[in-house]
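Engineer: Structure provided below as structure tokens; questions to follow.
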Amino acid sequence: MTKAADIMHPGAQWIPENETVLRAAQLMRDLEVGALPVSDANERLCGIVTDRDIVIGCVAENADPSGTPVGALTKGTPRWIPADADVRDVLREMEEHKIRRLPVIDQNKQLVGMISEADLAHHLSDDLLGEFVEKVYAQ
């Protein structure tokens, strides 16, 4: 049985919610990723910031990326999945919430990876991948 830990991209990195949007953009560039999990002061997941969030929520609003905290761009309840969750649970979570990136948390509540659409494409059958695309992208 395939688990979340088997398909995730390991080594995901938090960015603290009080860090700047500029730092988030630099970290995304350095790590070659399009999203970062955002942590609160207790290193618990409190959101996810994407490159699109930065463009729409900061740059397009003419806000100062060096003075805007990344936490200002996060909205809603962040979704995550346990590392030992079955891949069907991963798909269900992503499909139900129409999300394209999902943090993976271990039994100690530590971030251990991220699952993205690219990870799904590399590890899922064409049928499962097609079902995911239909549910997440359908209007």
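Convention: chains lettered A, B, ... in structure tokens order; per-chain residue numbering from 1; ligands numbered from 1 as shown.
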Quick one: residues within 10 Å of Glu95 in chain A, only C-alpha atoms counted, chain neighbours fewer than 5 positions away excluded, as a ChimeraX atom specification?

Structural biologist: /A:89-90,100,131-137

Engineer: Could you name the residues that touch Ala63 in chain A at 12 Å or less, counting only C-alpha atoms, but leaving out those on the same chain fewer than 6 positions away, as a short mmCIF file (atom, residue, chain, number, x, y, z; two decimals) with N, CA, C and O atoms, in the first residue's frame?

Structural biologist:
data_model
loop_
_atom_site.label_atom_id
_atom_site.label_comp_id
_atom_site.auth_asym_id
_atom_site.auth_seq_id
_atom_site.Cartn_x
_atom_site.Cartn_y
_atom_site.Cartn_z
N THR A 20 9.12 38.12 6.15
CA THR A 20 8.59 38.97 5.08
C THR A 20 8.26 38.18 3.81
O THR A 20 8.80 37.10 3.57
N VAL A 21 7.40 38.76 3.02
CA VAL A 21 7.05 38.21 1.71
C VAL A 21 8.31 38.16 0.83
O VAL A 21 8.50 37.19 0.08
N LEU A 22 9.15 39.16 0.93
CA LEU A 22 10.40 39.16 0.17
C LEU A 22 11.23 37.93 0.51
O LEU A 22 11.73 37.24 -0.38
N ILE A 54 1.83 35.68 -3.56
CA ILE A 54 2.76 36.82 -3.50
C ILE A 54 2.43 37.82 -4.60
O ILE A 54 2.35 39.03 -4.35
N VAL A 55 2.18 37.32 -5.80
CA VAL A 55 1.88 38.21 -6.92
C VAL A 55 0.53 38.91 -6.73
O VAL A 55 0.43 40.13 -6.83
N ILE A 56 -0.51 38.13 -6.43
CA ILE A 56 -1.86 38.69 -6.31
C ILE A 56 -2.05 39.48 -5.02
O ILE A 56 -2.63 40.56 -5.02
N GLY A 57 -1.56 38.95 -3.90
CA GLY A 57 -1.84 39.55 -2.60
C GLY A 57 -0.86 40.62 -2.16
O GLY A 57 -1.15 41.36 -1.23
N PRO A 69 4.36 40.94 6.23
CA PRO A 69 4.60 39.59 6.76
C PRO A 69 3.89 38.55 5.92
O PRO A 69 2.79 38.76 5.42
N VAL A 70 4.55 37.41 5.74
CA VAL A 70 4.00 36.34 4.92
C VAL A 70 2.66 35.85 5.49
O VAL A 70 1.77 35.45 4.73
N ALA A 72 0.27 37.55 6.44
CA ALA A 72 -0.82 38.39 5.93
C ALA A 72 -1.42 37.82 4.64
O ALA A 72 -2.52 38.20 4.26
N LEU A 73 -0.70 36.92 3.99
CA LEU A 73 -1.18 36.35 2.72
C LEU A 73 -1.87 35.00 2.90
O LEU A 73 -2.45 34.49 1.94
#

Engineer: Calculated over only C-alpha atoms, which of the candidates A:Thr68, A:Ser116, A:Asn62, A:Thr74 has the smallest distance to Ser39 in chain A?

Structural biologist: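 Residue with the minimum atom-to-atom distance to Ser39 in chain A: A:Thr74.
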
Engineer: Among the residues of chain A, find those DSSP assigns to helix (DSSP H, G or I) from the backbone and print them as a VMD selection string.

Structural biologist: chain A and resid 4 to 7 21 to 31 51 to 59 70 to 73 87 to 96 117 to 123 126 to 137

Engineer: Under the rule that only C-alpha atoms are counted, which of A:Leu128, A:Val87, A:Ile15, A:Ile7 is the nearest residue to Glu43 in chain A?

Structural biologist: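 Under the stated criterion, the closest residue is A:Ile15.
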
Engineer: Which residues are near Arg101 in chain A? Cut-off 9 Å, only C-alpha atoms, ignore same chain within fewer than 3 positions. Put them as a list of chain:residue names.

Structural biologist: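 Here the answer would be A:Ala35, A:Ile48, A:Met94, A:Met114, A:Ile115, A:Ser116, A:Glu117.
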
Engineer: Go ahead and compute the interatomic distance for CA of His122 in chain A and CA of Asn108 in chain A, in Å to one decimal.

Structural biologist: 27.4 Å

Engineer: So what do you get for CA of Asn42 in chain A versus CA of Arg92 in chain A, distance-wise?

Structural biologist: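 Atom-to-atom, CA of Asn42 in chain A to CA of Arg92 in chain A, that is 28.1 Å.
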
Engineer: I want to know what sits within 8 Å of Leu111 in chain A, based on only C-alpha atoms, with residues of the same chain fewer than 4 positions away left out; could you give that as a ChimeraX atom specification?

Structural biologist: /A:12-14,103-106

Engineer: Using only C-alpha atoms, which of the listed residues (A:Met1, A:Ala41, A:Met8, A:Ala24) sits closest to Pro82 in chain A?

Structural biologist: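 Nearest to Pro82 in chain A: A:Met8.
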
Engineer: Considering only C-alpha atoms, can you say which of A:Ile99, A:Ala60, A:Ala83, A:Leu91 comes closest to Leu129 in chain A?

Structural biologist: A:Leu91

Engineer: Which one of A:Leu31, A:Val112, A:Ala25, A:Cys58 sits closest to Ala5 in chain A if you count only C-alpha atoms?

Structural biologist: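 The answer is A:Val112, which sits nearest to Ala5 in chain A.
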
Engineer: With only C-alpha atoms as the atoms that count, which of A:Thr2, A:Thr50, A:Gln110, A:Ser125 lies nearest to Trp80 in chain A?

Structural biologist: A:Gln110

Engineer: Considering only strand (DSSP E or B) as DSSP defines it on the backbone, what residues of chain A qualify? List them as a ChimeraX atom specification.

Structural biologist: /A:3,9-10,15-16,20,35-39,45-50,69,81-82,86,101-105,111-116

Engineer: Could you tell me how far CA of Gly76 in chain A lies from CA of Cys46 in chain A, in Å and to one decimal?

Structural biologist: 8.9 Å
